[in-house]
>>> print(open('input.cif').read())   # mmCIF, C-alpha atoms and all ligand atoms; chains and numbers go by the auth columns
data_final
loop_
_atom_site.group_PDB
_atom_site.id
_atom_site.type_symbol
_atom_site.label_atom_id
_atom_site.label_comp_id
_atom_site.label_asym_id
_atom_site.label_seq_id
_atom_site.Cartn_x
_atom_site.Cartn_y
_atom_site.Cartn_z
_atom_site.B_iso_or_equiv
_atom_site.auth_seq_id
_atom_site.auth_asym_id
ATOM 1 C CA MET A 1 1.601 4.988 10.082 0.00 1390 S
ATOM 2 C CA VAL A 2 2.789 7.141 12.962 0.00 1391 S
ATOM 3 C CA ASP A 3 0.421 8.343 15.683 0.00 1392 S
ATOM 4 C CA THR A 4 1.900 11.596 16.975 0.00 1393 S
ATOM 5 C CA HIS A 5 -0.407 12.229 19.948 0.00 1394 S
ATOM 6 C CA THR A 6 -1.154 9.417 22.420 0.00 1395 S
ATOM 7 C CA HIS A 7 -1.567 8.944 26.168 0.00 1396 S
ATOM 8 C CA ILE A 8 -0.010 5.524 25.981 0.00 1397 S
ATOM 9 C CA LEU A 9 2.355 5.554 28.990 0.00 1398 S
ATOM 10 C CA PRO A 10 0.953 3.830 32.082 0.00 1399 S
ATOM 11 C CA ALA A 11 -0.261 5.855 35.067 0.00 1400 S
ATOM 12 C CA LEU A 12 1.259 9.232 34.135 0.00 1401 S
ATOM 13 C CA ASP A 13 -2.022 10.995 33.366 0.00 1402 S
ATOM 14 C CA ASP A 14 -5.656 10.228 32.443 0.00 1403 S
ATOM 15 C CA GLY A 15 -4.556 7.873 29.642 0.00 1404 S
ATOM 16 C CA ALA A 16 -3.500 4.239 30.138 0.00 1405 S
ATOM 17 C CA GLN A 17 -3.730 3.397 33.828 0.00 1406 S
ATOM 18 C CA SER A 18 -1.520 0.279 33.848 0.00 1407 S
ATOM 19 C CA MET A 19 1.092 -1.525 31.749 0.00 1408 S
ATOM 20 C CA GLU A 20 -1.645 -3.993 30.788 0.00 1409 S
ATOM 21 C CA GLN A 21 -3.814 -1.168 29.388 0.00 1410 S
ATOM 22 C CA SER A 22 -0.812 0.267 27.520 0.00 1411 S
ATOM 23 C CA LEU A 23 -0.230 -3.134 25.901 0.00 1412 S
ATOM 24 C CA GLN A 24 -3.923 -3.451 24.967 0.00 1413 S
ATOM 25 C CA MET A 25 -3.763 -0.027 23.307 0.00 1414 S
ATOM 26 C CA VAL A 26 -0.565 -0.885 21.450 0.00 1415 S
ATOM 27 C CA ARG A 27 -2.115 -4.102 20.118 0.00 1416 S
ATOM 28 C CA ILE A 28 -5.080 -2.104 18.781 0.00 1417 S
ATOM 29 C CA ALA A 29 -2.663 0.337 17.114 0.00 1418 S
ATOM 30 C CA VAL A 30 -0.632 -2.456 15.485 0.00 1419 S
ATOM 31 C CA LYS A 31 -3.803 -4.009 14.056 0.00 1420 S
ATOM 32 C CA ASP A 32 -4.661 -0.586 12.648 0.00 1421 S
ATOM 33 C CA GLY A 33 -1.353 -0.347 10.778 0.00 1422 S
ATOM 34 C CA ILE A 34 0.462 1.951 13.228 0.00 1423 S
ATOM 35 C CA ARG A 35 4.162 1.180 13.758 0.00 1424 S
ATOM 36 C CA GLN A 36 5.304 4.210 15.761 0.00 1425 S
ATOM 37 C CA MET A 37 3.535 6.201 18.456 0.00 1426 S
ATOM 38 C CA ILE A 38 4.770 9.360 20.116 0.00 1427 S
ATOM 39 C CA ALA A 39 3.905 9.196 23.805 0.00 1428 S
ATOM 40 C CA THR A 40 2.488 12.580 24.786 0.00 1429 S
ATOM 41 C CA PRO A 41 1.402 12.494 28.443 0.00 1430 S
ATOM 42 C CA HIS A 42 -0.255 15.644 29.778 0.00 1431 S
ATOM 43 C CA VAL A 43 1.957 18.095 31.621 0.00 1432 S
ATOM 44 C CA ILE A 44 -0.250 20.483 33.584 0.00 1433 S
ATOM 45 C CA GLY A 45 0.872 22.422 36.669 0.00 1434 S
ATOM 46 C CA GLY A 46 -0.745 21.104 39.860 0.00 1435 S
ATOM 47 C CA LEU A 47 -2.342 18.162 38.051 0.00 1436 S
ATOM 48 C CA TYR A 48 0.119 16.149 35.953 0.00 1437 S
ATOM 49 C CA GLU A 49 3.619 17.406 36.728 0.00 1438 S
ATOM 50 C CA ASN A 50 5.447 14.871 34.587 0.00 1439 S
ATOM 51 C CA LYS A 51 9.168 15.560 34.372 0.00 1440 S
ATOM 52 C CA LYS A 52 11.170 14.952 31.193 0.00 1441 S
ATOM 53 C CA GLU A 53 13.299 12.242 32.863 0.00 1442 S
ATOM 54 C CA ASP A 54 10.229 10.363 34.144 0.00 1443 S
ATOM 55 C CA ILE A 55 8.672 10.341 30.675 0.00 1444 S
ATOM 56 C CA LEU A 56 11.909 9.088 29.094 0.00 1445 S
ATOM 57 C CA THR A 57 12.137 6.293 31.687 0.00 1446 S
ATOM 58 C CA ALA A 58 8.513 5.272 31.077 0.00 1447 S
ATOM 59 C CA VAL A 59 9.094 5.233 27.290 0.00 1448 S
ATOM 60 C CA ALA A 60 12.155 2.980 27.712 0.00 1449 S
ATOM 61 C CA GLN A 61 10.243 0.610 30.029 0.00 1450 S
ATOM 62 C CA LEU A 62 7.320 0.287 27.622 0.00 1451 S
ATOM 63 C CA ASN A 63 9.645 -0.278 24.648 0.00 1452 S
ATOM 64 C CA THR A 64 11.457 -3.023 26.562 0.00 1453 S
ATOM 65 C CA ARG A 65 8.119 -4.694 27.267 0.00 1454 S
ATOM 66 C CA LEU A 66 7.066 -4.415 23.598 0.00 1455 S
ATOM 67 C CA GLN A 67 10.300 -6.102 22.539 0.00 1456 S
ATOM 68 C CA GLU A 68 9.802 -8.876 25.090 0.00 1457 S
ATOM 69 C CA GLU A 69 6.277 -9.450 23.776 0.00 1458 S
ATOM 70 C CA GLY A 70 7.437 -9.326 20.143 0.00 1459 S
ATOM 71 C CA ILE A 71 5.056 -6.455 19.311 0.00 1460 S
ATOM 72 C CA PRO A 72 6.244 -4.581 16.187 0.00 1461 S
ATOM 73 C CA LEU A 73 5.752 -1.008 17.387 0.00 1462 S
ATOM 74 C CA THR A 74 8.099 1.606 18.812 0.00 1463 S
ATOM 75 C CA ILE A 75 7.194 4.297 21.326 0.00 1464 S
ATOM 76 C CA LEU A 76 8.912 7.647 20.808 0.00 1465 S
ATOM 77 C CA PRO A 77 9.202 10.300 23.534 0.00 1466 S
ATOM 78 C CA GLY A 78 7.144 13.471 23.766 0.00 1467 S
ATOM 79 C CA ALA A 79 4.621 15.308 25.917 0.00 1468 S
ATOM 80 C CA GLU A 80 1.515 17.471 25.658 0.00 1469 S
ATOM 81 C CA TYR A 81 2.152 20.750 27.483 0.00 1470 S
ATOM 82 C CA ARG A 82 -0.687 22.891 28.776 0.00 1471 S
ATOM 83 C CA LEU A 83 -0.128 26.490 27.676 0.00 1472 S
ATOM 84 C CA GLU A 84 1.137 28.196 30.831 0.00 1473 S
ATOM 85 C CA PRO A 85 2.805 31.617 31.202 0.00 1474 S
ATOM 86 C CA ASP A 86 6.274 30.181 31.931 0.00 1475 S
ATOM 87 C CA LEU A 87 6.233 27.504 29.181 0.00 1476 S
ATOM 88 C CA ALA A 88 8.830 29.230 26.976 0.00 1477 S
ATOM 89 C CA GLN A 89 11.142 29.799 29.962 0.00 1478 S
ATOM 90 C CA ARG A 90 10.938 26.105 30.860 0.00 1479 S
ATOM 91 C CA LEU A 91 11.707 25.211 27.241 0.00 1480 S
ATOM 92 C CA LYS A 92 14.772 27.476 27.208 0.00 1481 S
ATOM 93 C CA GLY A 93 15.859 25.919 30.509 0.00 1482 S
ATOM 94 C CA GLY A 94 15.924 22.474 28.886 0.00 1483 S
ATOM 95 C CA GLU A 95 13.037 21.134 31.022 0.00 1484 S
ATOM 96 C CA LEU A 96 10.685 20.207 28.176 0.00 1485 S
ATOM 97 C CA LEU A 97 10.497 17.293 25.749 0.00 1486 S
ATOM 98 C CA THR A 98 10.093 18.195 22.110 0.00 1487 S
ATOM 99 C CA LEU A 99 8.406 15.543 19.954 0.00 1488 S
ATOM 100 C CA ASN A 100 10.824 12.629 19.505 0.00 1489 S
ATOM 101 C CA GLU A 101 13.440 14.924 21.077 0.00 1490 S
ATOM 102 C CA SER A 102 14.186 16.422 17.666 0.00 1491 S
ATOM 103 C CA GLY A 103 14.333 19.912 19.152 0.00 1492 S
ATOM 104 C CA ARG A 104 11.922 21.090 16.486 0.00 1493 S
ATOM 105 C CA TYR A 105 8.272 20.623 17.583 0.00 1494 S
ATOM 106 C CA LEU A 106 6.490 21.137 20.910 0.00 1495 S
ATOM 107 C CA LEU A 107 2.917 19.871 21.366 0.00 1496 S
ATOM 108 C CA VAL A 108 0.926 22.562 23.181 0.00 1497 S
ATOM 109 C CA GLU A 109 -2.593 22.177 24.533 0.00 1498 S
ATOM 110 C CA LEU A 110 -4.973 25.071 25.128 0.00 1499 S
ATOM 111 C CA PRO A 111 -7.809 24.995 27.659 0.00 1500 S
ATOM 112 C CA ASP A 112 -11.164 23.953 26.126 0.00 1501 S
ATOM 113 C CA THR A 113 -13.300 26.852 27.320 0.00 1502 S
ATOM 114 C CA PHE A 114 -11.237 30.028 26.813 0.00 1503 S
ATOM 115 C CA LEU A 115 -8.123 31.479 25.234 0.00 1504 S
ATOM 116 C CA PRO A 116 -5.684 32.857 27.854 0.00 1505 S
ATOM 117 C CA ASP A 117 -4.481 36.469 27.345 0.00 1506 S
ATOM 118 C CA PHE A 118 -0.872 35.268 27.129 0.00 1507 S
ATOM 119 C CA THR A 119 -1.537 32.723 24.340 0.00 1508 S
ATOM 120 C CA ALA A 120 -0.015 34.593 21.385 0.00 1509 S
ATOM 121 C CA ASP A 121 2.918 35.879 23.447 0.00 1510 S
ATOM 122 C CA VAL A 122 3.943 32.493 24.877 0.00 1511 S
ATOM 123 C CA LEU A 123 3.623 30.779 21.487 0.00 1512 S
ATOM 124 C CA TYR A 124 5.802 33.501 19.955 0.00 1513 S
ATOM 125 C CA GLN A 125 8.417 33.098 22.727 0.00 1514 S
ATOM 126 C CA ILE A 126 8.545 29.372 21.943 0.00 1515 S
ATOM 127 C CA GLN A 127 9.196 30.203 18.294 0.00 1516 S
ATOM 128 C CA LEU A 128 11.943 32.636 19.304 0.00 1517 S
ATOM 129 C CA ALA A 129 13.574 29.701 21.105 0.00 1518 S
ATOM 130 C CA GLY A 130 13.765 27.952 17.723 0.00 1519 S
ATOM 131 C CA VAL A 131 10.888 25.514 18.297 0.00 1520 S
ATOM 132 C CA THR A 132 7.611 25.302 16.365 0.00 1521 S
ATOM 133 C CA PRO A 133 4.487 24.993 18.534 0.00 1522 S
ATOM 134 C CA ILE A 134 1.999 22.395 17.343 0.00 1523 S
ATOM 135 C CA ILE A 135 -1.395 23.408 18.705 0.00 1524 S
ATOM 136 C CA ALA A 136 -3.227 20.261 19.841 0.00 1525 S
ATOM 137 C CA HIS A 137 -6.877 19.862 18.804 0.00 1526 S
ATOM 138 C CA PRO A 138 -7.832 23.579 18.530 0.00 1527 S
ATOM 139 C CA GLU A 139 -11.205 22.442 17.139 0.00 1528 S
ATOM 140 C CA ARG A 140 -12.157 21.644 20.753 0.00 1529 S
ATOM 141 C CA ASN A 141 -11.376 25.169 22.026 0.00 1530 S
ATOM 142 C CA ILE A 142 -14.644 27.143 22.144 0.00 1531 S
ATOM 143 C CA VAL A 143 -13.045 30.463 21.111 0.00 1532 S
ATOM 144 C CA LEU A 144 -10.947 29.112 18.240 0.00 1533 S
ATOM 145 C CA SER A 145 -13.704 26.873 16.916 0.00 1534 S
ATOM 146 C CA GLN A 146 -15.885 29.953 16.496 0.00 1535 S
ATOM 147 C CA GLU A 147 -13.113 32.178 15.148 0.00 1536 S
ATOM 148 C CA PRO A 148 -10.918 30.062 12.876 0.00 1537 S
ATOM 149 C CA ALA A 149 -9.354 33.302 11.558 0.00 1538 S
ATOM 150 C CA GLN A 150 -7.327 33.438 14.802 0.00 1539 S
ATOM 151 C CA LEU A 151 -5.945 30.023 13.998 0.00 1540 S
ATOM 152 C CA ALA A 152 -5.143 31.095 10.453 0.00 1541 S
ATOM 153 C CA ALA A 153 -3.118 33.957 11.985 0.00 1542 S
ATOM 154 C CA PHE A 154 -1.132 31.504 14.149 0.00 1543 S
ATOM 155 C CA ILE A 155 -0.404 29.391 11.071 0.00 1544 S
ATOM 156 C CA GLY A 156 0.591 32.536 9.165 0.00 1545 S
ATOM 157 C CA ARG A 157 3.221 33.054 11.885 0.00 1546 S
ATOM 158 C CA GLY A 158 4.612 29.566 11.257 0.00 1547 S
ATOM 159 C CA MET A 159 2.817 27.407 13.830 0.00 1548 S
ATOM 160 C CA ALA A 160 1.250 24.029 13.096 0.00 1549 S
ATOM 161 C CA ILE A 161 -2.138 22.507 13.871 0.00 1550 S
ATOM 162 C CA GLN A 162 -3.037 18.969 14.982 0.00 1551 S
ATOM 163 C CA VAL A 163 -6.647 17.827 14.715 0.00 1552 S
ATOM 164 C CA THR A 164 -7.967 14.735 16.506 0.00 1553 S
ATOM 165 C CA THR A 165 -9.485 11.768 14.643 0.00 1554 S
ATOM 166 C CA GLY A 166 -12.531 11.690 16.937 0.00 1555 S
ATOM 167 C CA SER A 167 -13.359 15.332 16.128 0.00 1556 S
ATOM 168 C CA VAL A 168 -13.473 14.641 12.391 0.00 1557 S
ATOM 169 C CA ARG A 169 -15.770 11.688 13.079 0.00 1558 S
ATOM 170 C CA GLY A 170 -18.106 13.640 15.376 0.00 1559 S
ATOM 171 C CA ARG A 171 -17.145 12.120 18.753 0.00 1560 S
ATOM 172 C CA PHE A 172 -16.691 15.543 20.395 0.00 1561 S
ATOM 173 C CA GLY A 173 -19.956 17.056 19.161 0.00 1562 S
ATOM 174 C CA GLN A 174 -21.157 18.907 16.089 0.00 1563 S
ATOM 175 C CA GLN A 175 -19.146 22.091 16.601 0.00 1564 S
ATOM 176 C CA ALA A 176 -15.795 20.266 16.875 0.00 1565 S
ATOM 177 C CA GLN A 177 -16.686 18.146 13.846 0.00 1566 S
ATOM 178 C CA LYS A 178 -17.727 21.138 11.771 0.00 1567 S
ATOM 179 C CA THR A 179 -14.615 23.116 12.754 0.00 1568 S
ATOM 180 C CA SER A 180 -12.204 20.231 12.167 0.00 1569 S
ATOM 181 C CA ARG A 181 -13.633 19.567 8.715 0.00 1570 S
ATOM 182 C CA HIS A 182 -13.666 23.266 7.817 0.00 1571 S
ATOM 183 C CA LEU A 183 -10.026 23.631 8.889 0.00 1572 S
ATOM 184 C CA ILE A 184 -8.961 20.597 6.847 0.00 1573 S
ATOM 185 C CA LYS A 185 -10.841 21.874 3.799 0.00 1574 S
ATOM 186 C CA GLU A 186 -9.161 25.273 4.087 0.00 1575 S
ATOM 187 C CA GLY A 187 -5.712 23.674 4.280 0.00 1576 S
ATOM 188 C CA LEU A 188 -5.226 24.844 7.894 0.00 1577 S
ATOM 189 C CA VAL A 189 -4.411 21.449 9.443 0.00 1578 S
ATOM 190 C CA HIS A 190 -0.961 19.837 9.359 0.00 1579 S
ATOM 191 C CA ILE A 191 -1.454 16.581 11.271 0.00 1580 S
ATOM 192 C CA VAL A 192 -4.285 14.280 12.318 0.00 1581 S
ATOM 193 C CA ALA A 193 -3.616 12.063 15.370 0.00 1582 S
ATOM 194 C CA SER A 194 -5.681 9.849 17.663 0.00 1583 S
ATOM 195 C CA ASP A 195 -5.098 11.518 21.077 0.00 1584 S
ATOM 196 C CA ALA A 196 -5.795 7.996 22.346 0.00 1585 S
ATOM 197 C CA HIS A 197 -6.484 7.601 26.065 0.00 1586 S
ATOM 198 C CA SER A 198 -7.649 3.999 26.525 0.00 1587 S
ATOM 199 C CA PRO A 199 -8.291 0.607 24.891 0.00 1588 S
ATOM 200 C CA SER A 200 -11.985 1.534 24.569 0.00 1589 S
ATOM 201 C CA GLY A 201 -13.502 4.905 23.779 0.00 1590 S
ATOM 202 C CA ARG A 202 -10.611 7.101 22.628 0.00 1591 S
ATOM 203 C CA THR A 203 -8.533 4.357 21.006 0.00 1592 S
ATOM 204 C CA PRO A 204 -5.286 4.533 18.992 0.00 1593 S
ATOM 205 C CA ARG A 205 -6.802 4.082 15.549 0.00 1594 S
ATOM 206 C CA LEU A 206 -6.094 6.172 12.450 0.00 1595 S
ATOM 207 C CA GLU A 207 -7.200 4.042 9.501 0.00 1596 S
ATOM 208 C CA VAL A 208 -10.951 4.789 9.499 0.00 1597 S
ATOM 209 C CA THR A 209 -10.270 8.527 9.662 0.00 1598 S
ATOM 210 C CA ARG A 210 -7.571 8.225 6.993 0.00 1599 S
ATOM 211 C CA GLN A 211 -10.132 6.667 4.669 0.00 1600 S
ATOM 212 C CA LEU A 212 -12.806 9.214 5.593 0.00 1601 S
ATOM 213 C CA ILE A 213 -10.507 12.186 4.915 0.00 1602 S
ATOM 214 C CA SER A 214 -9.449 10.588 1.662 0.00 1603 S
ATOM 215 C CA GLU A 215 -13.097 10.255 0.595 0.00 1604 S
ATOM 216 C CA LEU A 216 -14.016 13.771 1.721 0.00 1605 S
ATOM 217 C CA TYR A 217 -10.936 15.743 0.674 0.00 1606 S
ATOM 218 C CA GLY A 218 -8.892 13.486 -1.573 0.00 1607 S
ATOM 219 C CA PRO A 219 -5.955 11.096 -1.123 0.00 1608 S
ATOM 220 C CA GLU A 220 -3.296 13.830 -1.212 0.00 1609 S
ATOM 221 C CA THR A 221 -4.724 15.657 1.813 0.00 1610 S
ATOM 222 C CA SER A 222 -5.160 12.352 3.627 0.00 1611 S
ATOM 223 C CA ARG A 223 -1.573 11.326 2.917 0.00 1612 S
ATOM 224 C CA ILE A 224 -0.110 14.659 4.069 0.00 1613 S
ATOM 225 C CA LEU A 225 -2.098 14.751 7.339 0.00 1614 S
ATOM 226 C CA LEU A 226 -1.807 11.105 8.372 0.00 1615 S
ATOM 227 C CA GLN A 227 1.421 9.885 6.807 0.00 1616 S
ATOM 228 C CA ASP A 228 3.824 12.519 5.455 0.00 1617 S
ATOM 229 C CA ASN A 229 3.672 15.116 8.232 0.00 1618 S
ATOM 230 C CA PRO A 230 3.591 12.627 11.135 0.00 1619 S
ATOM 231 C CA ARG A 231 6.760 11.058 9.711 0.00 1620 S
ATOM 232 C CA ARG A 232 8.345 14.485 9.282 0.00 1621 S
ATOM 233 C CA ILE A 233 7.611 15.321 12.927 0.00 1622 S
ATOM 234 C CA CYS A 234 9.484 12.206 14.052 0.00 1623 S
ATOM 235 C CA GLN A 235 12.439 13.151 11.864 0.00 1624 S
ATOM 236 C CA GLY A 236 12.392 16.826 12.853 0.00 1625 S
ATOM 237 C CA GLN A 237 11.804 17.889 9.269 0.00 1626 S
ATOM 238 C CA GLU A 238 9.789 20.827 7.961 0.00 1627 S
ATOM 239 C CA LEU A 239 6.066 20.137 7.653 0.00 1628 S
ATOM 240 C CA ILE A 240 4.143 20.263 4.384 0.00 1629 S
ATOM 241 C CA ASN A 241 1.438 22.932 4.230 0.00 1630 S
ATOM 242 C CA PRO A 242 -1.532 21.099 2.720 0.00 1631 S
ATOM 243 C CA PRO A 243 -3.237 22.995 -0.097 0.00 1632 S
ATOM 244 C CA PRO A 244 -6.869 24.104 0.353 0.00 1633 S
ATOM 245 C CA VAL A 245 -9.156 21.444 -1.059 0.00 1634 S
ATOM 246 C CA GLN A 246 -10.510 22.238 -4.522 0.00 1635 S
ATOM 247 C CA GLN A 247 -13.821 20.517 -4.908 0.00 1636 S
ATOM 248 C CA SER A 248 -15.491 19.635 -8.163 0.00 1637 S
ATOM 249 C CA PHE A 249 -19.262 19.209 -8.378 0.00 1638 S
ATOM 250 C CA TRP A 250 -18.880 15.425 -8.266 0.00 1639 S
ATOM 251 C CA ASN A 251 -16.531 15.586 -5.294 0.00 1640 S
ATOM 252 C CA GLN A 252 -19.015 17.760 -3.411 0.00 1641 S
ATOM 253 C CA LEU A 253 -21.804 15.309 -4.193 0.00 1642 S
ATOM 254 C CA ARG A 254 -19.661 12.446 -2.921 0.00 1643 S
ATOM 255 C CA LYS A 255 -18.841 14.468 0.200 0.00 1644 S
ATOM 256 C CA VAL A 256 -22.556 14.928 1.014 0.00 1645 S
ATOM 257 C CA TRP A 257 -23.055 11.197 0.568 0.00 1646 S
ATOM 258 C CA THR A 258 -20.007 10.292 2.697 0.00 1647 S
ATOM 259 C CA ARG A 259 -21.089 12.698 5.416 0.00 1648 S
ATOM 260 C CA LYS A 260 -24.412 10.876 5.648 0.00 1649 S
ATOM 261 C CA LYS A 261 -22.620 7.564 6.068 0.00 1650 S
ATOM 262 C CA ALA A 262 -19.997 8.834 8.603 0.00 1651 S
HETATM 263 FE FE FE B . -3.939 14.692 24.433 0.00 1 A
#
>>> encode(input="input.cif", output="structure tokens", more="lines below")
Ligand SMILES: [Fe+2]
Amino acid sequence: MVDTHTHILPALDDGAQSMEQSLQMVRIAVKDGIRQMIATPHVIGGLYENKKEDILTAVAQLNTRLQEEGIPLTILPGAEYRLEPDLAQRLKGGELLTLNESGRYLLVELPDTFLPDFTADVLYQIQLAGVTPIIAHPERNIVLSQEPAQLAAFIGRGMAIQVTTGSVRGRFGQQAQKTSRHLIKEGLVHIVASDAHSPSGRTPRLEVTRQLISELYGPETSRILLQDNPRRICQGQELINPPPVQQSFWNQLRKVWTRKKA
């Protein structure tokens, strides 16, 4: 599997704080069946001003260490950009890292508590530059979690959505869990990723959530969100739009049962 959203690089943001922590996280990921991780450190003005070159250097250093240790996992370059008014200009100026440098997808993070006035405009400008914005964990944005129709409109304009494993499993509260599951059921999610930050707490694991989504919404949805689309992101290929989940009576009954266990 490929984990497309991780804070795996040491001491660039609030993720891994040392090379040792990065290695601990990678070992957890390998045990979970993950063989590639896209490193997506935060880039936020005034807080985490990570430059493209610094991220690429950190990716190369971590990969060298993984080879030395004989750990069978590769780190690919990327970043998680806070939505800021000049984001599209910086992209056009060649300052930003698209996911795995394919030139096709940019991971964009919204604030948790509001939706800036310039959101739709900046996302559209990014698209005009030939890059598809992937909106990171919108289920944790208060406005979007209460108005999923706004998200549906973004998707209608060709954007993609990444939901976080912990949200589906209830680690960010009931609202984020309810929204993430609703979005998956409606076919409005393209990728599920760990958004891992540390070797404990928000860890780089996908398998439990892969199984849960398979039980709740079927193996096809699970495969698209956790295997097919993550691989397509790495290769810069078009993403699959998952179909809305059709649920039979028996599937719904199983879902109620699985929800109790989750
Ligand atoms: Fe993140």
>>> atom_distance(input="input.cif", atom1="CA of Gly1434 in chain S", atom2="CA of Ile1515 in chain S")
18.0 Å
>>> residues_around(input="input.cif", residues="Gly1562 in chain S", least_positions_apart="4", cutoff="12 Å", atoms="only C-alpha atoms", output="PyMOL selection string")
chain S and resi 1528-1529+1531+1534+1555-1558+1566-1569
>>> residues_around(input="input.cif", residues="Glu1490 in chain S", least_positions_apart="5", cutoff="10 Å", atoms="all atoms listed in the file", output="MDAnalysis selection string")
chainID S and resid 1465:1467 1485 1495 1623:1625
>>> closest_residue(input="input.cif", among="S:Asn1439, S:Thr1598, S:Gln1535, S:Thr1393", to="ligand FE 1 (chain A)", atoms="all atoms listed in the file")
S:Thr1393
>>> residues_near_ligand(input="input.cif", ligand="ligand FE 1 (chain A)", cutoff="9 Å", atoms="all atoms listed in the file", output="list of chain:residue names")
S:His1394, S:Thr1395, S:His1396, S:Gly1404, S:Thr1429, S:Pro1430, S:His1431, S:Ala1468, S:Glu1469, S:Glu1498, S:Ala1525, S:His1526, S:Thr1553, S:Ser1583, S:Asp1584, S:Ala1585, S:His1586
>>> resolve_selection(input="input.cif", expression="the PyMOL selection byres (((chain S and resi 1414) around 8) and not hetatm)", output="short mmCIF file (atom, residue, chain, number, x, y, z; two decimals) with C-alpha atoms, keeping the file's coordinate frame")
data_model
loop_
_atom_site.label_atom_id
_atom_site.label_comp_id
_atom_site.auth_asym_id
_atom_site.auth_seq_id
_atom_site.Cartn_x
_atom_site.Cartn_y
_atom_site.Cartn_z
CA ILE S 1397 -0.01 5.52 25.98
CA GLN S 1410 -3.81 -1.17 29.39
CA SER S 1411 -0.81 0.27 27.52
CA LEU S 1412 -0.23 -3.13 25.90
CA GLN S 1413 -3.92 -3.45 24.97
CA VAL S 1415 -0.56 -0.88 21.45
CA ARG S 1416 -2.12 -4.10 20.12
CA ILE S 1417 -5.08 -2.10 18.78
CA ALA S 1418 -2.66 0.34 17.11
CA SER S 1587 -7.65 4.00 26.52
CA PRO S 1588 -8.29 0.61 24.89
CA THR S 1592 -8.53 4.36 21.01
CA PRO S 1593 -5.29 4.53 18.99
#
>>> resolve_selection(input="input.cif", expression="the PyMOL selection byres (((chain S and resi 1425) around 7) and not hetatm)", output="list in words")
Met1390, Val1391, Asp1392, Ile1423, Arg1424, Met1426, Ile1427, Leu1462, Thr1463 and Ile1464 of chain S
>>> write_last_selection(input="input.cif", atoms="C-alpha atoms", output="PDB file, in the coordinates of the input")
ATOM      1  CA  MET S1390       1.601   4.988  10.082  1.00  0.00           C
ATOM      2  CA  VAL S1391       2.789   7.141  12.962  1.00  0.00           C
ATOM      3  CA  ASP S1392       0.421   8.343  15.683  1.00  0.00           C
ATOM      4  CA  ILE S1423       0.462   1.951  13.228  1.00  0.00           C
ATOM      5  CA  ARG S1424       4.162   1.180  13.758  1.00  0.00           C
ATOM      6  CA  MET S1426       3.535   6.201  18.456  1.00  0.00           C
ATOM      7  CA  ILE S1427       4.770   9.360  20.116  1.00  0.00           C
ATOM      8  CA  LEU S1462       5.752  -1.008  17.387  1.00  0.00           C
ATOM      9  CA  THR S1463       8.099   1.606  18.812  1.00  0.00           C
ATOM     10  CA  ILE S1464       7.194   4.297  21.326  1.00  0.00           C
TER      11      ILE S1464
END
>>> closest_residue(input="input.cif", among="S:Glu1627, S:Glu1484, S:Asp1443, S:Asp1402", to="His1579 in chain S", atoms="all atoms listed in the file")
S:Glu1627
>>> closest_residue(input="input.cif", among="S:Leu1595, S:Ile1444, S:Ile1602, S:Ile1544", to="Asn1489 in chain S", atoms="only C-alpha atoms")
S:Ile1444
>>> resolve_selection(input="input.cif", expression="the PyMOL selection byres (((chain S and resi 1540) around 10) and not hetatm)", output="PyMOL selection string")
chain S and resi 1524+1527-1528+1533-1534+1536-1539+1541-1546+1548-1550+1572+1577-1578
>>> residues_near_point(input="input.cif", point="(4.0, 29.9, 30.9)", cutoff="10 Å", atoms="all atoms listed in the file", output="count of residues only")
18
>>> atom_distance(input="input.cif", atom1="CA of Ala1447 in chain S", atom2="CA of Arg1594 in chain S")
21.8 Å
>>> build_atoms(input="input.cif", residues="range 1578-1587 of chain S", atoms="N, CA and C atoms", output="PDB file, in the frame of the given file")
ATOM      1  N   VAL S1578      -4.807  22.522   8.523  1.00  0.00           N
ATOM      2  CA  VAL S1578      -4.411  21.449   9.443  1.00  0.00           C
ATOM      3  C   VAL S1578      -3.152  20.778   8.895  1.00  0.00           C
ATOM      4  N   HIS S1579      -2.200  20.486   9.794  1.00  0.00           N
ATOM      5  CA  HIS S1579      -0.961  19.837   9.359  1.00  0.00           C
ATOM      6  C   HIS S1579      -0.928  18.347   9.681  1.00  0.00           C
ATOM      7  N   ILE S1580      -1.541  17.980  10.816  1.00  0.00           N
ATOM      8  CA  ILE S1580      -1.454  16.581  11.271  1.00  0.00           C
ATOM      9  C   ILE S1580      -2.798  16.154  11.862  1.00  0.00           C
ATOM     10  N   VAL S1581      -3.160  14.902  11.613  1.00  0.00           N
ATOM     11  CA  VAL S1581      -4.285  14.280  12.318  1.00  0.00           C
ATOM     12  C   VAL S1581      -3.710  13.147  13.171  1.00  0.00           C
ATOM     13  N   ALA S1582      -4.119  13.096  14.449  1.00  0.00           N
ATOM     14  CA  ALA S1582      -3.616  12.063  15.370  1.00  0.00           C
ATOM     15  C   ALA S1582      -4.773  11.585  16.241  1.00  0.00           C
ATOM     16  N   SER S1583      -4.541  10.454  16.943  1.00  0.00           N
ATOM     17  CA  SER S1583      -5.681   9.849  17.663  1.00  0.00           C
ATOM     18  C   SER S1583      -5.957  10.497  19.015  1.00  0.00           C
ATOM     19  N   ASP S1584      -4.934  11.052  19.690  1.00  0.00           N
ATOM     20  CA  ASP S1584      -5.098  11.518  21.077  1.00  0.00           C
ATOM     21  C   ASP S1584      -5.712  10.392  21.926  1.00  0.00           C
ATOM     22  N   ALA S1585      -5.221   9.170  21.680  1.00  0.00           N
ATOM     23  CA  ALA S1585      -5.795   7.996  22.346  1.00  0.00           C
ATOM     24  C   ALA S1585      -5.555   8.037  23.851  1.00  0.00           C
ATOM     25  N   HIS S1586      -6.581   7.613  24.605  1.00  0.00           N
ATOM     26  CA  HIS S1586      -6.484   7.601  26.065  1.00  0.00           C
ATOM     27  C   HIS S1586      -6.696   6.212  26.669  1.00  0.00           C
ATOM     28  N   SER S1587      -7.289   5.286  25.907  1.00  0.00           N
ATOM     29  CA  SER S1587      -7.649   3.999  26.525  1.00  0.00           C
ATOM     30  C   SER S1587      -7.883   2.940  25.443  1.00  0.00           C
TER      31      SER S1587
END
